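*Asks:* This is the structure I want to talk about, given as structure tokens.
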2 protein chains.
Amino acid sequence: MSDQSPRAVVLLSGGLDSATCLAIAQRDGFEVYALSFRYGQRHAGELLRASRIAAQAGVARHLVVDMPLAAWGGSALTDQELTVPKHDTVEGIGSEIPITYVPARNTVFLAIALGWAEVLQAHDLFIGVNSLDYSGYPDCRPEYIAAFERMANLATKAGVEAAHRGGPPAIRLRTPLIDLTKAEIIRCGLALGVDYAQTLSCYDPVDEDLACGRCDACLLRRKGFAQNQLSDPAPYAP
Amino acid sequence: MSDQSPRAVVLLSGGLDSATCLAIAQRDGFEVYALSFRYGQRHAGELLRASRIAAQAGVARHLVVDMPLAAWGGSALTDQELTVPKHDTVEGIGSEIPITYVPARNTVFLAIALGWAEVLQAHDLFIGVNSLDYSGYPDCRPEYIAAFERMANLATKAGVEAAHRGGPPAIRLRTPLIDLTKAEIIRCGLALGVDYAQTLSCYDPVDEDLACGRCDACLLRRKGFAQNQLSDPAPYAP
């Protein structure tokens, strides 16, 4: 990657979507600064995967920020007293805001990404949100992303200077997966060489390396591989 | 404060503006949850003041969140290698974005406030930004605040549910100081019993208890007291 490449901050959870998003950012010519959060996830497996994916992709830097969202409670993803719901099929997923929703998570993550981007003089933030095969979180919808981008251009030096020049908005939120089905995301990632065996998508893994197979995230992922007539390289609990 | 009072999250830095903002939130009938950040400030004096102000005001809870903005650098407020600019007068303050600007600071702080509010089922966020006697930070302007509020209503359960009902936006960013001069803020706070001797506004204090007297924040504060023909109870370096 040459020094002339524009920089981008890529949110990297260690899951299938963010790994694909990172590969797309590199395909599009960006020098990638990957950003992950230790936010009280039930399992550290996600962050281990994020580090491996970042290293394999040869990113310029991988920053892991401690963000104790769990101290506030309120989500089954960070609160040990709440139970992650399990299903047998994907029917009904996304029809209401689920208990796995972490309050303001994407807003907090994007805010920190924006601050880092400003220091790096990067104008592009990649986030692997998806509005089709998704769990119904409000902060994954296109209208949310557009509103954050607008706010970001009012919040930052780069945004204010671009507005003074009368040019287009400087800060761009890039959501290359937003209109793709999970099956399409997987096809795109495979074409770019993403190693999905390295990714962990599960909300409630049995251990660092074994996905539960029945939470919303597992069901959506399995459906995506099945629709491509591929077997998912992730190991699942029997 | 009765259990029936609506809850509000109030950003509390320990400075004059946020202490006044907290008093206004209480006057307006809110049960206050005060939020401060340990973000790599040059001096811990600010947080000590925040804790004292919160205790004196009898808030429901004071949460201090570790937020290592300093790890990224880029601001004289958190970077020991940069120098906080000093002046003899307030002329020119606010005409451009200064080196004391912390990248995306208010965006990060408000994002975390939003997450905490969601867990508390609070809909009101107070922030003591000011667009008159201010340092020229882009994230203190009314258009930024309006854009954040719009985003917040798209990001959260409460916002989405209010939109489904066709009602007004659920999440409100309250900026009671935004159109006030520093002199007006001080008059308002004194009427509400704010003890300004407890507050520390300086960007570059000599020690925990001694303000420099010549940074932008000190100059604006001193002008505010002088315009009220009052002496500032803060101790300044000679």
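By order of appearance in the structure tokens: chains A, B, ..., then residues from 1 within every chain, and ligands from 1 in the order shown.
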Residues at most 8 Å from segment 197-212 of chain A, counting only C-alpha atoms, excluding those fewer than 4 positions away in the same chain, as a ChimeraX atom specification?

*Replies:* /A:14-16,19,42-46,49-50,52-53,77,84,100,216-218,221,232-237

*Asks:* Which residues are near segment 224-227 of chain B? Cut-off 12 Å, only C-alpha atoms, ignore same chain within fewer than 4 positions. Put them as an NGL selection string.

*Replies:* :B and (16-17 or 90 or 132-134 or 180-190 or 196 or 217-220 or 231-234)

*Asks:* Which residues of chain B have any atom within 10 Å of an atom in chain A when counting only C-alpha atoms, and what is the closest pair of atoms for each, with the distance in Å to one decimal? Order the rows by chain and rising number and write it as CSV.

*Replies:*
```
residue,atom,partner,partner_atom,distance
B:Leu63,CA,A:Trp72,CA,9.9
B:Val65,CA,A:Pro68,CA,8.0
B:Asp66,CA,A:Met67,CA,7.8
B:Met67,CA,A:Met67,CA,7.4
B:Pro68,CA,A:Val65,CA,8.0
B:Leu69,CA,A:Gly115,CA,8.1
B:Ala71,CA,A:Trp116,CA,9.4
B:Trp72,CA,A:Trp116,CA,6.4
B:Gly73,CA,A:Val119,CA,7.0
B:Gly74,CA,A:Val119,CA,5.6
B:Ser75,CA,A:Val119,CA,8.9
B:Glu96,CA,A:Lys157,CA,9.9
B:Ile97,CA,A:Lys157,CA,7.3
B:Tyr101,CA,A:Lys157,CA,9.3
B:Val102,CA,A:Gly115,CA,8.2
B:Pro103,CA,A:Gly115,CA,4.8
B:Ala104,CA,A:Gly115,CA,4.6
B:Arg105,CA,A:Gly115,CA,7.2
B:Asn106,CA,A:Ala155,CA,8.2
B:Thr107,CA,A:Ala111,CA,5.7
B:Val108,CA,A:Ala111,CA,5.0
B:Phe109,CA,A:Val108,CA,8.6
B:Leu110,CA,A:Val108,CA,8.5
B:Ala111,CA,A:Val108,CA,5.0
B:Ile112,CA,A:Val108,CA,6.0
B:Ala113,CA,A:Ala104,CA,9.1
B:Leu114,CA,A:Ala104,CA,6.4
B:Gly115,CA,A:Ala104,CA,4.6
B:Trp116,CA,A:Trp72,CA,6.3
B:Ala117,CA,A:Pro103,CA,8.7
B:Glu118,CA,A:Pro103,CA,6.1
B:Val119,CA,A:Gly74,CA,5.6
B:Leu120,CA,A:Trp72,CA,8.5
B:Tyr137,CA,A:Ala155,CA,8.4
B:Pro138,CA,A:Ala155,CA,5.4
B:Asp139,CA,A:Ala155,CA,4.6
B:Cys140,CA,A:Ala155,CA,8.3
B:Arg141,CA,A:Leu154,CA,8.4
B:Pro142,CA,A:Leu154,CA,9.8
B:Glu143,CA,A:Leu154,CA,7.2
B:Tyr144,CA,A:Leu154,CA,5.3
B:Ile145,CA,A:Met151,CA,8.2
B:Ala146,CA,A:Met151,CA,8.4
B:Ala147,CA,A:Met151,CA,4.9
B:Phe148,CA,A:Met151,CA,5.6
B:Glu149,CA,A:Met151,CA,9.0
B:Arg150,CA,A:Ala147,CA,6.8
B:Met151,CA,A:Ala147,CA,4.9
B:Ala152,CA,A:Thr107,CA,8.2
B:Asn153,CA,A:Tyr144,CA,8.6
B:Leu154,CA,A:Tyr144,CA,5.3
B:Ala155,CA,A:Asp139,CA,4.6
B:Thr156,CA,A:Pro138,CA,6.2
B:Lys157,CA,A:Pro138,CA,7.0
B:Gly159,CA,A:Pro138,CA,9.1
B:Val160,CA,A:Pro138,CA,7.2
```

*Asks:* Using Å and a single decimal, report how far atom CA of Val64 of chain A sits from atom CA of Gly29 of chain A.

*Replies:* 23.1 Å

*Asks:* Enumerate the residues of segment 3-208 of chain B with a DSSP assignment of helix (DSSP H, G or I), computed from the backbone, and present them as an MDAnalysis selection string.

*Replies:* chainID B and resid 16:27 45:57 69:72 105:120 138:140 142:155 157:165 182:191 196:198

*Asks:* So how many Å separate atom CA of Leu47 of chain A and atom CA of Gln229 of chain A, to one decimal?

*Replies:* 28.7 Å

*Asks:* Give the strand (DSSP E or B) residues of segment 22-237 of chain A, as assigned by DSSP on the backbone, as a list in words.

*Replies:*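 So, restricting segment 22-237 of chain A to strand (DSSP E or B), we get Glu31, Val32, Tyr33, Ala34, Leu35, Ser36, Phe37, Arg38, Arg61, His62, Leu63, Val64, Val65, Asp66, Asp124, Leu125, Phe126, Arg172, Leu173, Arg174, Asp207, Leu210, Ala211 and Tyr236 of chain A.
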
*Asks:* Could you please determine the separation between atom CA of Ala25 of chain A and atom CA of Gln41 of chain A in Å, to one decimal place?

*Replies:*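 Distance between the two atoms: 25.5 Å.
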
*Asks:* Find the residues near segment 57-62 of chain B: any atom within 7 Å, counting only C-alpha atoms, skip ones fewer than 6 places away on the same chain, and give them as a ChimeraX atom specification.

*Replies:* /B:31-35
